[in-house]
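See below for target_3.cif, which holds mmCIF, C-alpha atoms.
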data_run
loop_
_atom_site.label_atom_id
_atom_site.label_comp_id
_atom_site.auth_asym_id
_atom_site.auth_seq_id
_atom_site.Cartn_x
_atom_site.Cartn_y
_atom_site.Cartn_z
CA MET A 1 -202.13 -50.19 -8.61
CA LYS A 2 -202.82 -46.62 -7.58
CA LYS A 3 -199.93 -46.81 -5.14
CA LEU A 4 -197.63 -47.90 -7.96
CA TYR A 5 -198.66 -44.93 -10.08
CA LEU A 6 -198.15 -42.54 -7.19
CA GLY A 7 -194.74 -44.08 -6.55
CA ILE A 8 -193.70 -43.55 -10.17
CA VAL A 9 -194.94 -39.96 -10.13
CA THR A 10 -193.14 -39.16 -6.88
CA LEU A 11 -189.92 -40.68 -8.19
CA ALA A 12 -190.21 -38.82 -11.47
CA LEU A 13 -190.81 -35.51 -9.74
CA LEU A 14 -187.87 -36.04 -7.41
CA LEU A 15 -185.53 -36.95 -10.26
CA GLY A 16 -186.86 -34.32 -12.62
CA CYS A 17 -186.46 -31.48 -10.17
CA GLY A 18 -183.15 -32.51 -8.65
CA ASP A 19 -180.99 -30.57 -11.06
CA ASN A 20 -182.54 -27.21 -10.65
CA ASN A 21 -182.49 -26.60 -6.96
CA ALA A 22 -181.14 -23.15 -6.35
CA SER A 23 -178.61 -23.45 -3.60
CA SER A 24 -178.53 -21.44 -0.46
CA ASP A 25 -175.81 -19.09 -1.54
CA GLU A 26 -174.68 -16.81 1.19
CA THR A 27 -173.21 -18.93 3.90
CA SER A 28 -171.01 -16.35 5.54
CA THR A 29 -172.65 -13.06 4.82
CA THR A 30 -171.41 -10.11 6.82
CA GLU A 31 -173.08 -7.36 4.86
CA ASN A 32 -176.66 -7.01 3.83
CA GLU A 33 -176.23 -9.37 0.92
CA ILE A 34 -179.79 -10.51 0.62
CA GLU A 35 -179.84 -12.78 -2.35
CA GLU A 36 -182.43 -12.65 -5.04
CA ILE A 37 -182.26 -15.73 -7.23
CA SER A 38 -184.45 -14.14 -9.88
CA GLN A 39 -182.65 -11.83 -12.26
CA GLN A 40 -183.57 -8.63 -14.00
CA PRO A 41 -185.71 -8.86 -17.10
CA GLY A 42 -184.20 -8.10 -20.51
CA ILE A 43 -181.52 -10.74 -20.92
CA SER A 44 -182.16 -14.44 -20.88
CA ASP A 45 -180.59 -16.93 -18.52
CA ASP A 46 -179.07 -18.77 -21.49
CA LEU A 47 -177.51 -15.57 -22.81
CA VAL A 48 -175.96 -14.86 -19.41
CA LYS A 49 -174.45 -18.35 -19.38
CA ASP A 50 -173.20 -17.94 -22.93
CA ILE A 51 -171.51 -14.62 -22.19
CA LEU A 52 -169.92 -15.99 -19.02
CA GLN A 53 -168.53 -18.89 -21.01
CA ALA A 54 -167.24 -16.54 -23.72
CA ILE A 55 -165.00 -14.43 -21.49
CA PRO A 56 -161.43 -15.53 -22.29
CA SER A 57 -159.12 -17.02 -19.71
CA PRO A 58 -156.77 -14.40 -18.14
CA LEU A 59 -154.04 -16.90 -18.89
CA GLU A 60 -154.04 -15.74 -22.51
CA ILE A 61 -152.95 -12.29 -21.36
CA SER A 62 -150.46 -13.66 -18.83
CA THR A 63 -148.86 -15.73 -21.60
CA LEU A 64 -148.41 -12.60 -23.70
CA ILE A 65 -146.93 -10.73 -20.73
CA ARG A 66 -144.43 -13.56 -20.26
CA GLU A 67 -143.54 -13.37 -23.95
CA VAL A 68 -142.89 -9.64 -23.76
CA SER A 69 -141.17 -9.36 -20.40
CA GLN A 70 -138.66 -11.67 -18.73
CA ASN A 71 -139.10 -9.80 -15.45
CA TYR A 72 -141.36 -11.44 -12.92
CA ASN A 73 -142.58 -8.74 -10.55
CA PRO A 74 -144.38 -10.16 -7.50
CA SER A 75 -144.63 -6.76 -5.82
CA VAL A 76 -147.43 -5.70 -8.17
CA LEU A 77 -149.62 -8.69 -7.33
CA ASN A 78 -152.31 -8.73 -4.68
CA GLU A 79 -150.81 -9.76 -1.32
CA ALA A 80 -151.42 -13.48 -0.95
CA SER A 81 -151.68 -13.05 2.83
CA SER A 82 -154.59 -10.63 2.49
CA SER A 83 -157.19 -13.30 1.80
CA ASP A 84 -158.56 -12.96 5.35
CA ASN A 85 -159.44 -9.34 4.63
CA TYR A 86 -162.18 -10.36 2.25
CA THR A 87 -165.24 -11.07 4.35
CA THR A 88 -168.20 -10.47 2.06
CA ASN A 89 -169.17 -12.79 -0.74
CA TYR A 90 -168.73 -9.87 -3.15
CA SER A 91 -165.12 -9.25 -2.12
CA LYS A 92 -164.37 -12.96 -1.87
CA ALA A 93 -165.58 -13.62 -5.42
CA ILE A 94 -163.81 -10.57 -6.91
CA ASN A 95 -160.55 -11.46 -5.17
CA LEU A 96 -160.85 -15.14 -6.02
CA GLY A 97 -160.66 -13.98 -9.63
CA ILE A 98 -157.74 -11.65 -8.85
CA TYR A 99 -155.82 -14.37 -7.02
CA GLY A 100 -156.60 -16.78 -9.87
CA THR A 101 -154.88 -14.43 -12.32
CA ASP A 102 -151.97 -13.90 -9.92
CA LEU A 103 -151.64 -17.67 -9.54
CA GLY A 104 -151.54 -18.07 -13.33
CA TYR A 105 -148.97 -15.24 -13.60
CA ALA A 106 -146.71 -16.87 -10.96
CA ASN A 107 -147.15 -20.24 -12.69
CA ILE A 108 -146.23 -18.92 -16.10
CA TYR A 109 -142.98 -17.51 -14.73
CA GLY A 110 -142.28 -20.85 -13.03
CA LYS A 111 -142.38 -19.30 -9.53
CA THR A 112 -143.68 -22.36 -7.76
CA GLN A 113 -143.31 -21.04 -4.19
CA ASP A 114 -145.40 -17.99 -5.02
CA ALA A 115 -147.84 -20.25 -6.83
CA ILE A 116 -148.31 -22.25 -3.62
CA LYS A 117 -148.99 -19.04 -1.67
CA TYR A 118 -151.61 -17.97 -4.19
CA LEU A 119 -153.04 -21.45 -4.23
CA ASN A 120 -153.64 -21.10 -0.48
CA SER A 121 -155.35 -17.74 -1.01
CA VAL A 122 -157.52 -19.24 -3.72
CA ARG A 123 -158.42 -22.12 -1.40
CA ASP A 124 -159.37 -19.74 1.45
CA LEU A 125 -161.69 -17.70 -0.72
CA ALA A 126 -163.13 -20.70 -2.56
CA ASP A 127 -163.88 -22.37 0.77
CA GLY A 128 -165.49 -19.14 1.94
CA LEU A 129 -167.80 -19.28 -1.06
CA SER A 130 -168.53 -23.01 -0.54
CA ILE A 131 -166.85 -23.96 -3.81
CA GLY A 132 -163.62 -25.29 -2.35
CA GLU A 133 -164.44 -28.85 -3.36
CA PHE A 134 -163.44 -28.05 -6.94
CA PHE A 135 -159.79 -27.72 -5.97
CA ASP A 136 -157.77 -30.83 -5.29
CA TYR A 137 -155.16 -29.01 -3.22
CA SER A 138 -152.98 -32.00 -2.45
CA THR A 139 -152.56 -32.74 -6.17
CA MET A 140 -152.03 -29.09 -6.97
CA LYS A 141 -149.43 -28.62 -4.22
CA ARG A 142 -147.62 -31.72 -5.42
CA LEU A 143 -147.59 -30.29 -8.95
CA ALA A 144 -146.45 -26.90 -7.65
CA ASP A 145 -143.49 -28.48 -5.87
CA SER A 146 -141.65 -28.88 -9.14
CA SER A 147 -141.35 -26.50 -12.06
CA ASP A 148 -141.35 -29.60 -14.30
CA ASN A 149 -145.08 -29.88 -13.65
CA LEU A 150 -145.85 -26.35 -14.75
CA ASP A 151 -148.09 -27.36 -17.65
CA SER A 152 -150.02 -29.83 -15.49
CA LEU A 153 -150.51 -27.24 -12.77
CA LEU A 154 -151.75 -24.66 -15.24
CA LEU A 155 -154.10 -27.19 -16.74
CA GLU A 156 -155.39 -28.24 -13.32
CA THR A 157 -155.93 -24.63 -12.21
CA THR A 158 -157.71 -23.61 -15.40
CA ASN A 159 -159.87 -26.71 -15.34
CA ASN A 160 -160.86 -26.05 -11.72
CA PHE A 161 -161.88 -22.47 -12.49
CA ASN A 162 -163.91 -23.74 -15.46
CA LYS A 163 -165.63 -26.25 -13.17
CA ILE A 164 -166.37 -23.55 -10.60
CA ASN A 165 -167.93 -21.28 -13.19
CA TYR A 166 -169.97 -24.15 -14.61
CA HIS A 167 -171.09 -25.19 -11.12
CA LEU A 168 -172.10 -21.64 -10.19
CA ARG A 169 -174.10 -21.33 -13.39
CA GLN A 170 -175.84 -24.64 -12.70
CA GLN A 171 -176.60 -23.49 -9.17
CA LYS A 172 -177.99 -20.19 -10.46
CA ARG A 173 -175.23 -18.27 -8.68
CA GLU A 174 -174.07 -16.59 -11.89
CA HIS A 175 -173.63 -13.30 -10.04
CA LEU A 176 -170.65 -14.88 -8.23
CA SER A 177 -169.35 -16.30 -11.49
CA ILE A 178 -169.32 -12.88 -13.16
CA LEU A 179 -167.58 -11.37 -10.12
CA ILE A 180 -164.83 -14.02 -10.28
CA LEU A 181 -164.42 -13.42 -14.01
CA THR A 182 -164.45 -9.63 -13.58
CA GLY A 183 -161.81 -9.76 -10.83
CA GLY A 184 -159.64 -12.03 -12.96
CA TRP A 185 -160.04 -9.80 -15.98
CA VAL A 186 -159.31 -6.53 -14.13
CA GLU A 187 -156.13 -8.05 -12.66
CA ALA A 188 -155.01 -9.28 -16.09
CA VAL A 189 -155.59 -5.85 -17.69
CA TYR A 190 -153.88 -4.17 -14.72
CA LEU A 191 -150.78 -6.37 -15.11
CA THR A 192 -150.75 -5.78 -18.88
CA CYS A 193 -150.92 -2.01 -18.36
CA LEU A 194 -148.05 -2.09 -15.84
CA VAL A 195 -145.82 -4.16 -18.11
CA HIS A 196 -146.71 -1.90 -21.03
CA GLU A 197 -145.73 1.15 -18.97
CA GLN A 198 -142.27 -0.36 -18.56
CA ASN A 199 -141.84 -1.82 -22.05
CA ASN A 200 -143.98 0.34 -24.34
CA ASN A 201 -144.76 -2.76 -26.39
CA GLN A 202 -147.04 -2.67 -29.42
CA LEU A 203 -148.44 -6.17 -28.79
CA LEU A 204 -149.44 -5.22 -25.26
CA LYS A 205 -150.89 -1.95 -26.46
CA GLU A 206 -153.12 -3.79 -28.92
CA LYS A 207 -154.01 -6.38 -26.28
CA ILE A 208 -155.13 -3.57 -23.96
CA GLY A 209 -157.18 -2.04 -26.79
CA GLU A 210 -158.90 -5.27 -27.77
CA GLN A 211 -160.19 -5.72 -24.21
CA LYS A 212 -162.98 -3.45 -25.41
CA ILE A 213 -164.82 -6.58 -26.57
CA VAL A 214 -164.45 -8.38 -23.24
CA LEU A 215 -165.44 -5.34 -21.20
CA ASP A 216 -168.66 -4.99 -23.22
CA GLN A 217 -169.49 -8.63 -22.46
CA ILE A 218 -168.73 -8.27 -18.76
CA LEU A 219 -170.92 -5.17 -18.42
CA LEU A 220 -173.83 -6.88 -20.17
CA VAL A 221 -173.87 -9.54 -17.47
CA LEU A 222 -173.11 -7.26 -14.52
CA ASP A 223 -176.08 -5.12 -15.49
CA VAL A 224 -178.37 -8.13 -14.97
CA TYR A 225 -177.40 -8.19 -11.29
CA LYS A 226 -177.22 -4.44 -10.76
CA SER A 227 -179.60 -4.57 -7.79
CA LYS A 228 -177.23 -6.78 -5.81
CA PRO A 229 -175.00 -5.23 -3.13
CA ASN A 230 -171.86 -3.51 -4.43
CA PHE A 231 -172.68 -4.18 -8.07
CA LYS A 232 -173.72 -0.62 -8.83
CA GLY A 233 -170.35 0.86 -7.82
CA LEU A 234 -168.53 -1.74 -9.87
CA ILE A 235 -170.78 -1.12 -12.88
CA ASP A 236 -170.25 2.66 -12.60
CA ASP A 237 -166.47 2.21 -12.49
CA LEU A 238 -166.41 -0.17 -15.43
CA THR A 239 -168.80 2.03 -17.39
CA ALA A 240 -166.33 4.92 -17.01
CA LEU A 241 -163.69 2.59 -18.41
CA GLN A 242 -166.04 1.57 -21.22
CA GLN A 243 -166.43 5.24 -22.21
CA VAL A 244 -162.69 5.38 -22.89
CA TYR A 245 -162.91 2.12 -24.82
CA ASP A 246 -165.75 3.55 -26.91
CA THR A 247 -163.21 5.73 -28.73
CA ILE A 248 -161.14 2.68 -29.69
CA GLU A 249 -162.02 0.97 -32.96
CA ILE A 250 -161.30 -2.52 -34.16
CA GLU A 251 -161.28 -2.55 -37.95
CA THR A 252 -161.76 -5.89 -39.65
CA VAL A 253 -161.14 -6.76 -43.29
CA TYR A 254 -162.79 -10.02 -44.31
CA ALA A 255 -161.15 -12.65 -46.53
CA GLN A 256 -161.88 -16.35 -47.11
CA PRO A 257 -159.99 -18.69 -44.77
CA THR A 258 -157.87 -21.54 -46.09
CA THR A 259 -158.10 -25.07 -44.68
CA GLU A 260 -155.83 -28.07 -45.08
CA GLU A 261 -155.54 -31.46 -43.43
CA GLY A 262 -152.50 -31.78 -41.18
CA PRO A 263 -150.36 -34.91 -40.81
CA ASN A 264 -151.97 -35.98 -37.52
CA GLY A 265 -155.54 -35.76 -38.76
CA GLN A 266 -156.10 -32.27 -37.43
CA LEU A 267 -157.41 -29.59 -39.72
CA ILE A 268 -155.25 -26.50 -40.00
CA VAL A 269 -157.15 -23.32 -40.72
CA VAL A 270 -155.52 -20.04 -41.58
CA ASP A 271 -157.73 -17.05 -41.13
CA ASN A 272 -157.12 -14.55 -43.88
CA THR A 273 -159.43 -12.03 -42.26
CA THR A 274 -157.37 -9.40 -40.48
CA SER A 275 -158.10 -6.83 -37.84
CA GLU A 276 -156.42 -3.73 -36.54
CA VAL A 277 -156.94 -2.21 -33.13
CA LYS A 278 -156.94 1.58 -33.36
CA VAL A 279 -155.69 2.58 -29.94
CA THR A 280 -153.59 5.62 -29.06
CA ASN A 281 -151.01 6.07 -26.34
CA ALA A 282 -153.35 8.52 -24.64
CA ASP A 283 -156.09 5.85 -24.62
CA VAL A 284 -153.73 3.38 -22.98
CA GLU A 285 -152.65 5.92 -20.36
CA THR A 286 -156.24 6.64 -19.41
CA ILE A 287 -157.10 2.93 -19.34
CA THR A 288 -154.06 2.28 -17.14
CA SER A 289 -155.05 4.99 -14.71
CA LEU A 290 -158.68 3.89 -14.50
CA THR A 291 -157.80 0.20 -14.19
CA LYS A 292 -155.42 0.94 -11.31
CA SER A 293 -158.13 2.89 -9.55
CA ILE A 294 -160.76 0.15 -10.06
CA ARG A 295 -158.36 -2.55 -8.92
CA ASN A 296 -157.38 -0.54 -5.83
CA LYS A 297 -161.03 -0.47 -4.78
CA MET A 298 -161.19 -4.25 -5.08
CA ILE A 299 -158.18 -5.24 -3.01
CA ARG A 300 -157.41 -4.60 0.67
CA MET B 1 -210.00 -42.04 -12.67
CA LYS B 2 -208.31 -44.27 -15.21
CA ARG B 3 -207.86 -41.31 -17.54
CA ILE B 4 -206.26 -39.23 -14.76
CA LEU B 5 -203.87 -42.06 -13.99
CA ILE B 6 -202.91 -42.31 -17.66
CA VAL B 7 -202.20 -38.57 -17.80
CA ILE B 8 -200.19 -38.77 -14.59
CA SER B 9 -198.23 -41.72 -15.97
CA ALA B 10 -197.50 -39.84 -19.17
CA VAL B 11 -196.19 -36.85 -17.18
CA ALA B 12 -194.12 -39.17 -14.99
CA PHE B 13 -192.70 -40.92 -18.06
CA PHE B 14 -191.84 -37.58 -19.66
CA LEU B 15 -190.01 -36.41 -16.54
CA LEU B 16 -188.15 -39.70 -16.26
CA ALA B 17 -187.19 -39.62 -19.92
CA GLN B 18 -186.02 -36.04 -19.57
CA ASN B 19 -183.84 -37.02 -16.65
CA ALA B 20 -182.45 -40.02 -18.50
CA SER B 21 -181.50 -37.86 -21.45
CA ALA B 22 -179.74 -35.51 -19.03
CA GLN B 23 -177.30 -38.29 -18.18
CA CYS B 24 -174.59 -36.86 -20.35
CA ASN B 25 -171.46 -36.90 -18.27
CA ALA B 26 -169.45 -34.51 -20.41
CA GLU B 27 -166.76 -34.31 -17.74
CA LEU B 28 -165.39 -37.68 -18.89
CA TYR B 29 -165.00 -36.43 -22.42
CA ILE B 30 -163.50 -33.12 -21.33
CA ASN B 31 -160.65 -34.95 -19.62
CA ARG B 32 -160.10 -37.06 -22.70
CA ALA B 33 -160.17 -34.06 -25.04
CA MET B 34 -157.70 -32.17 -22.82
CA LYS B 35 -155.19 -34.98 -23.15
CA GLU B 36 -155.41 -34.69 -26.93
CA LEU B 37 -154.26 -31.06 -27.00
CA SER B 38 -151.07 -30.76 -29.04
CA GLN B 39 -147.79 -29.90 -27.40
CA GLY B 40 -147.43 -26.16 -26.91
CA PHE B 41 -151.15 -25.53 -26.54
CA GLN B 42 -152.36 -24.30 -23.18
CA PHE B 43 -155.79 -25.49 -22.08
CA SER B 44 -158.23 -22.59 -21.88
CA LYS B 45 -161.90 -23.61 -21.96
CA SER B 46 -164.07 -26.69 -21.97
CA TYR B 47 -167.40 -27.04 -23.73
CA ARG B 48 -170.08 -29.51 -22.72
CA ILE B 49 -172.02 -30.86 -25.67
CA ASP B 50 -175.33 -32.28 -24.55
CA PHE B 51 -178.03 -32.68 -27.17
CA ARG B 52 -180.40 -33.87 -24.43
CA GLY B 53 -181.18 -37.18 -26.00
CA GLY B 54 -181.63 -35.63 -29.43
CA THR B 55 -184.17 -33.02 -28.36
CA ARG B 56 -181.61 -30.31 -29.12
CA LYS B 57 -180.28 -30.08 -32.66
CA LYS B 58 -177.47 -27.65 -31.98
CA VAL B 59 -175.30 -26.55 -29.07
CA GLU B 60 -173.56 -23.24 -29.58
CA TYR B 61 -171.01 -21.22 -27.63
CA THR B 62 -169.68 -17.71 -28.11
CA CYS B 63 -165.92 -17.17 -27.98
CA VAL B 64 -163.68 -14.12 -27.97
CA PHE B 65 -160.55 -14.84 -30.00
CA SER B 66 -157.47 -12.64 -30.31
CA LYS B 67 -155.38 -11.96 -33.37
CA ASP B 68 -151.94 -13.53 -33.62
CA THR B 69 -153.04 -16.41 -31.41
CA ASN B 70 -153.39 -20.05 -32.45
CA TYR B 71 -156.43 -21.86 -31.11
CA GLN B 72 -156.94 -25.59 -31.11
CA ILE B 73 -160.30 -27.28 -30.71
CA ASN B 74 -160.50 -30.96 -29.82
CA ILE B 75 -163.80 -32.79 -30.00
CA VAL B 76 -164.63 -36.08 -28.30
CA SER B 77 -167.93 -37.93 -28.52
CA LYS B 78 -169.19 -40.81 -26.45
CA ASP B 79 -167.19 -43.52 -28.19
CA GLY B 80 -163.91 -41.69 -27.63
CA SER B 81 -163.47 -40.46 -31.18
CA ALA B 82 -165.18 -37.48 -32.79
CA TYR B 83 -167.57 -39.76 -34.69
CA GLY B 84 -171.07 -38.32 -34.91
CA LEU B 85 -170.11 -34.86 -33.65
CA ILE B 86 -169.52 -31.90 -35.91
CA GLY B 87 -167.95 -28.68 -34.72
CA THR B 88 -168.22 -25.56 -36.85
CA LEU B 89 -166.63 -22.17 -36.29
CA TYR B 90 -168.26 -18.98 -37.54
CA ASP B 91 -167.04 -15.40 -37.34
CA SER B 92 -169.13 -12.57 -35.92
CA LYS B 93 -170.87 -12.08 -39.29
CA ARG B 94 -171.73 -15.79 -39.37
CA ASN B 95 -169.27 -16.54 -42.14
CA LYS B 96 -168.24 -20.18 -41.82
CA ILE B 97 -164.53 -20.53 -41.07
CA VAL B 98 -164.15 -24.27 -40.62
CA THR B 99 -166.16 -27.39 -39.94
CA SER B 100 -164.81 -30.63 -38.52
CA TYR B 101 -166.89 -32.67 -40.99
CA TYR B 102 -164.33 -32.51 -43.76
CA ASN B 103 -164.28 -34.61 -46.92
CA ASN B 104 -167.07 -36.80 -45.47
CA LYS B 105 -164.99 -37.55 -42.38
CA PHE B 106 -165.48 -36.63 -38.74
CA MET B 107 -162.22 -34.88 -37.90
CA PRO B 108 -161.15 -34.64 -34.24
CA GLY B 109 -160.84 -30.87 -34.40
CA TRP B 110 -158.75 -28.12 -35.86
CA THR B 111 -156.00 -25.63 -35.29
CA TYR B 112 -157.01 -22.11 -36.14
CA LYS B 113 -154.53 -19.33 -36.78
CA CYS B 114 -156.51 -16.27 -35.77
CA ARG B 115 -155.66 -12.96 -37.38
CA ALA B 116 -158.71 -10.97 -36.41
CA THR B 117 -159.75 -10.15 -32.87
CA GLY B 118 -163.45 -10.51 -32.34
CA ILE B 119 -166.42 -12.59 -31.39
CA TYR B 120 -166.74 -16.06 -32.88
CA TYR B 121 -169.36 -18.77 -32.61
CA LEU B 122 -168.51 -22.38 -31.95
CA SER B 123 -171.41 -24.54 -32.97
CA PHE B 124 -171.90 -28.29 -32.47
CA THR B 125 -174.33 -30.55 -34.31
CA TYR B 126 -174.60 -34.32 -34.69
CA LYS B 127 -174.87 -36.67 -37.66
CA ASP B 128 -175.28 -40.45 -37.92
CA SER B 129 -175.11 -40.77 -34.15
CA LYS B 130 -177.40 -41.53 -31.26
CA SER B 131 -175.00 -40.74 -28.42
CA PHE B 132 -176.04 -37.07 -28.26
CA CYS B 133 -173.24 -36.35 -25.84
CA GLY B 134 -169.62 -35.23 -25.93
CA ALA B 135 -167.27 -32.41 -25.16
CA ALA B 136 -164.72 -30.14 -26.72
CA VAL B 137 -161.81 -28.22 -25.34
CA LEU B 138 -160.09 -25.06 -26.47
CA GLY B 139 -156.35 -24.59 -26.21
CA PHE B 140 -154.27 -21.62 -27.24
CA SER B 141 -150.68 -20.90 -28.11
CA ARG B 142 -148.90 -17.72 -29.04
#
Target format structure tokens, applied to this file:
Amino acid sequence: MKKLYLGIVTLALLLGCGDNNASSDETSTTENEIEEISQQPGISDDLVKDILQAIPSPLEISTLIREVSQNYNPSVLNEASSSDNYTTNYSKAINLGIYGTDLGYANIYGKTQDAIKYLNSVRDLADGLSIGEFFDYSTMKRLADSSDNLDSLLLETTNNFNKINYHLRQQKREHLSILILTGGWVEAVYLTCLVHEQNNNQLLKEKIGEQKIVLDQILLVLDVYKSKPNFKGLIDDLTALQQVYDTIEIETVYAQPTTEEGPNGQLIVVDNTTSEVKVTNADVETITSLTKSIRNKMIR
Amino acid sequence: MKRILIVISAVAFFLLAQNASAQCNAELYINRAMKELSQGFQFSKSYRIDFRGGTRKKVEYTCVFSKDTNYQINIVSKDGSAYGLIGTLYDSKRNKIVTSYYNNKFMPGWTYKCRATGIYYLSFTYKDSKSFCGAAVLGFSR
């Protein structure tokens, strides 16, 4: 009888603890990236996860860029062939995010051959971070072979990045998740700034200004991992950018929304609350300059 | 000794029950919800809704939405419809914008025409259901 009880207890403990094993993270460390699974006090684990989940997909910005400019400009993207240059987990994670945005940008313009190149770069870096299993490359390459599959490829890519971020959070490797998201975000803002320089478009200008909200979220999480290698430099750079954003205001005027039932059973809600992003040309110029500088430190 | 064994059994049962309630494979529902996105909407985020066997009353996510963008939320619960799951969207001041429990019906989601950039809260609760598991996806269109 006692053996039965002990068996149940052992089984329960094994099952109960299985989910929370922190993984061995740094499989190919070349710098002194000694990992500390515990995080800084002051912000809860749940809040970190919530903020990470809240950061919008760079695809939203890429879609706006596509709307504003017909010109696809591959020369401004990170070189797809440079993926071998990223040897630390820090640089791999940052550039995985950057390549993810570049992949989305190429996809949105229907440039399937470039998309395949960036898909390979993404695979290299994801493999290097031991998260390559979340990409089904054969399916993605098949989708990339035809521009007819653009929507499916975008969906597959976005879903894979979502899975990676979820997996990293579950594995308590959120510091890699925030680096991927930061890299993706910096690249998206960088591309927006470049297209705005050429087009002087009001929509892009406002989009650049409203990134104030996202940057605040990113810095909240980065600060949790400030003791990790390379994080301090990144935080300092983004804090300088935040100081420019501090002068930008987003004014909101509240009004009751209106809701109606659509023909297919979906509710349609119109938000009558409006907002205005108060951003000047000088703000955008400074943001462009700083973003270029930050991005140049990330790529090789 | 008997008392110790009872305590140990209770702990073991609790751990087993906790694990059983964690068997919410939201991935299945995410795929289903993605397929329900309307034409023109680009998939952006997925949200796992796990009430951990009813021990959690609410699952909430923070979102950053942009003005002049349409967002669509699709909700799928364990039986494939949205039955039993309620999604509610609040703005940053916690003003309710929309809830999927509309006219006493569980609606599968909503399309939201956003006109104000900011932080929003996407909250999920359950009603008349014991599945305690589901997912939602967010799509956007310009």
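Residues lying within 6 Å of stretch 204-213 of chain A, counting all atoms listed in the file and ignoring same-chain neighbours fewer than 5 positions away, are Tyr245, Val277 and Val279 of chain A.
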Would you save the residues of that selection, restricted to C-alpha atoms, as a compact mmCIF listing (two decimals), in the coordinates of the input?
# COMPACT_ATOMS: atom_id res chain seq x y z
CA TYR A 245 -162.91 2.12 -24.82
CA VAL A 277 -156.94 -2.21 -33.13
CA VAL A 279 -155.69 2.58 -29.94
Near B:Ala33, within 7 Å and counting only C-alpha atoms, which residues show up once chain neighbours fewer than 3 positions away are dropped, as an mmCIF file with C-alpha atoms, in the frame of the given file?
data_model
loop_
_atom_site.group_PDB
_atom_site.id
_atom_site.type_symbol
_atom_site.label_atom_id
_atom_site.label_comp_id
_atom_site.auth_asym_id
_atom_site.auth_seq_id
_atom_site.Cartn_x
_atom_site.Cartn_y
_atom_site.Cartn_z
ATOM 1 C CA TYR B 29 -165.000 -36.430 -22.420
ATOM 2 C CA ILE B 30 -163.500 -33.120 -21.330
ATOM 3 C CA GLU B 36 -155.410 -34.690 -26.930
ATOM 4 C CA LEU B 37 -154.260 -31.060 -27.000
ATOM 5 C CA ASN B 74 -160.500 -30.960 -29.820
ATOM 6 C CA ILE B 75 -163.800 -32.790 -30.000
ATOM 7 C CA VAL B 76 -164.630 -36.080 -28.300
ATOM 8 C CA ALA B 136 -164.720 -30.140 -26.720
ATOM 9 C CA VAL B 137 -161.810 -28.220 -25.340
#
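Using all atoms listed in the file, the shortest contact distance between chain B and any of A:Thr247, A:Asn160, A:Ser121, A:Asn200 is found at A:Asn160.
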Notebook entry, point to check: Within 10 Å of stretch 78-91 of chain B, counting all atoms listed in the file, which residues qualify if same-chain residues fewer than 6 places away don't, as a ChimeraX atom specification?
Noted result: /A:254,273 /B:24-26,28-29,32-33,49,58-63,65,97-102,105-110,112,116,118-136
Next item on the list: Could the residues of chain A within 8 Å of chain B, counting all atoms listed in the file, be given as a VMD selection string, please?
Entry: chain A and resid 2 5 8 to 9 12 to 13 15 to 16 50 to 51 53 to 57 59 to 60 63 to 64 151 154 to 155 158 to 159 162 210 213 to 214 250 252 256 to 257 259 265 to 276
Restricting the output to C-alpha atoms, write the selected residues as a CSV table (one decimal), in the coordinates of the input.
chain,number,residue,atom,x,y,z
A,2,LYS,CA,-202.8,-46.6,-7.6
A,5,TYR,CA,-198.7,-44.9,-10.1
A,8,ILE,CA,-193.7,-43.6,-10.2
A,9,VAL,CA,-194.9,-40.0,-10.1
A,12,ALA,CA,-190.2,-38.8,-11.5
A,13,LEU,CA,-190.8,-35.5,-9.7
A,15,LEU,CA,-185.5,-37.0,-10.3
A,16,GLY,CA,-186.9,-34.3,-12.6
A,50,ASP,CA,-173.2,-17.9,-22.9
A,51,ILE,CA,-171.5,-14.6,-22.2
A,53,GLN,CA,-168.5,-18.9,-21.0
A,54,ALA,CA,-167.2,-16.5,-23.7
A,55,ILE,CA,-165.0,-14.4,-21.5
A,56,PRO,CA,-161.4,-15.5,-22.3
A,57,SER,CA,-159.1,-17.0,-19.7
A,59,LEU,CA,-154.0,-16.9,-18.9
A,60,GLU,CA,-154.0,-15.7,-22.5
A,63,THR,CA,-148.9,-15.7,-21.6
A,64,LEU,CA,-148.4,-12.6,-23.7
A,151,ASP,CA,-148.1,-27.4,-17.6
A,154,LEU,CA,-151.8,-24.7,-15.2
A,155,LEU,CA,-154.1,-27.2,-16.7
A,158,THR,CA,-157.7,-23.6,-15.4
A,159,ASN,CA,-159.9,-26.7,-15.3
A,162,ASN,CA,-163.9,-23.7,-15.5
A,210,GLU,CA,-158.9,-5.3,-27.8
A,213,ILE,CA,-164.8,-6.6,-26.6
A,214,VAL,CA,-164.4,-8.4,-23.2
A,250,ILE,CA,-161.3,-2.5,-34.2
A,252,THR,CA,-161.8,-5.9,-39.6
A,256,GLN,CA,-161.9,-16.4,-47.1
A,257,PRO,CA,-160.0,-18.7,-44.8
A,259,THR,CA,-158.1,-25.1,-44.7
A,265,GLY,CA,-155.5,-35.8,-38.8
A,266,GLN,CA,-156.1,-32.3,-37.4
A,267,LEU,CA,-157.4,-29.6,-39.7
A,268,ILE,CA,-155.2,-26.5,-40.0
A,269,VAL,CA,-157.2,-23.3,-40.7
A,270,VAL,CA,-155.5,-20.0,-41.6
A,271,ASP,CA,-157.7,-17.0,-41.1
A,272,ASN,CA,-157.1,-14.6,-43.9
A,273,THR,CA,-159.4,-12.0,-42.3
A,274,THR,CA,-157.4,-9.4,-40.5
A,275,SER,CA,-158.1,-6.8,-37.8
A,276,GLU,CA,-156.4,-3.7,-36.5
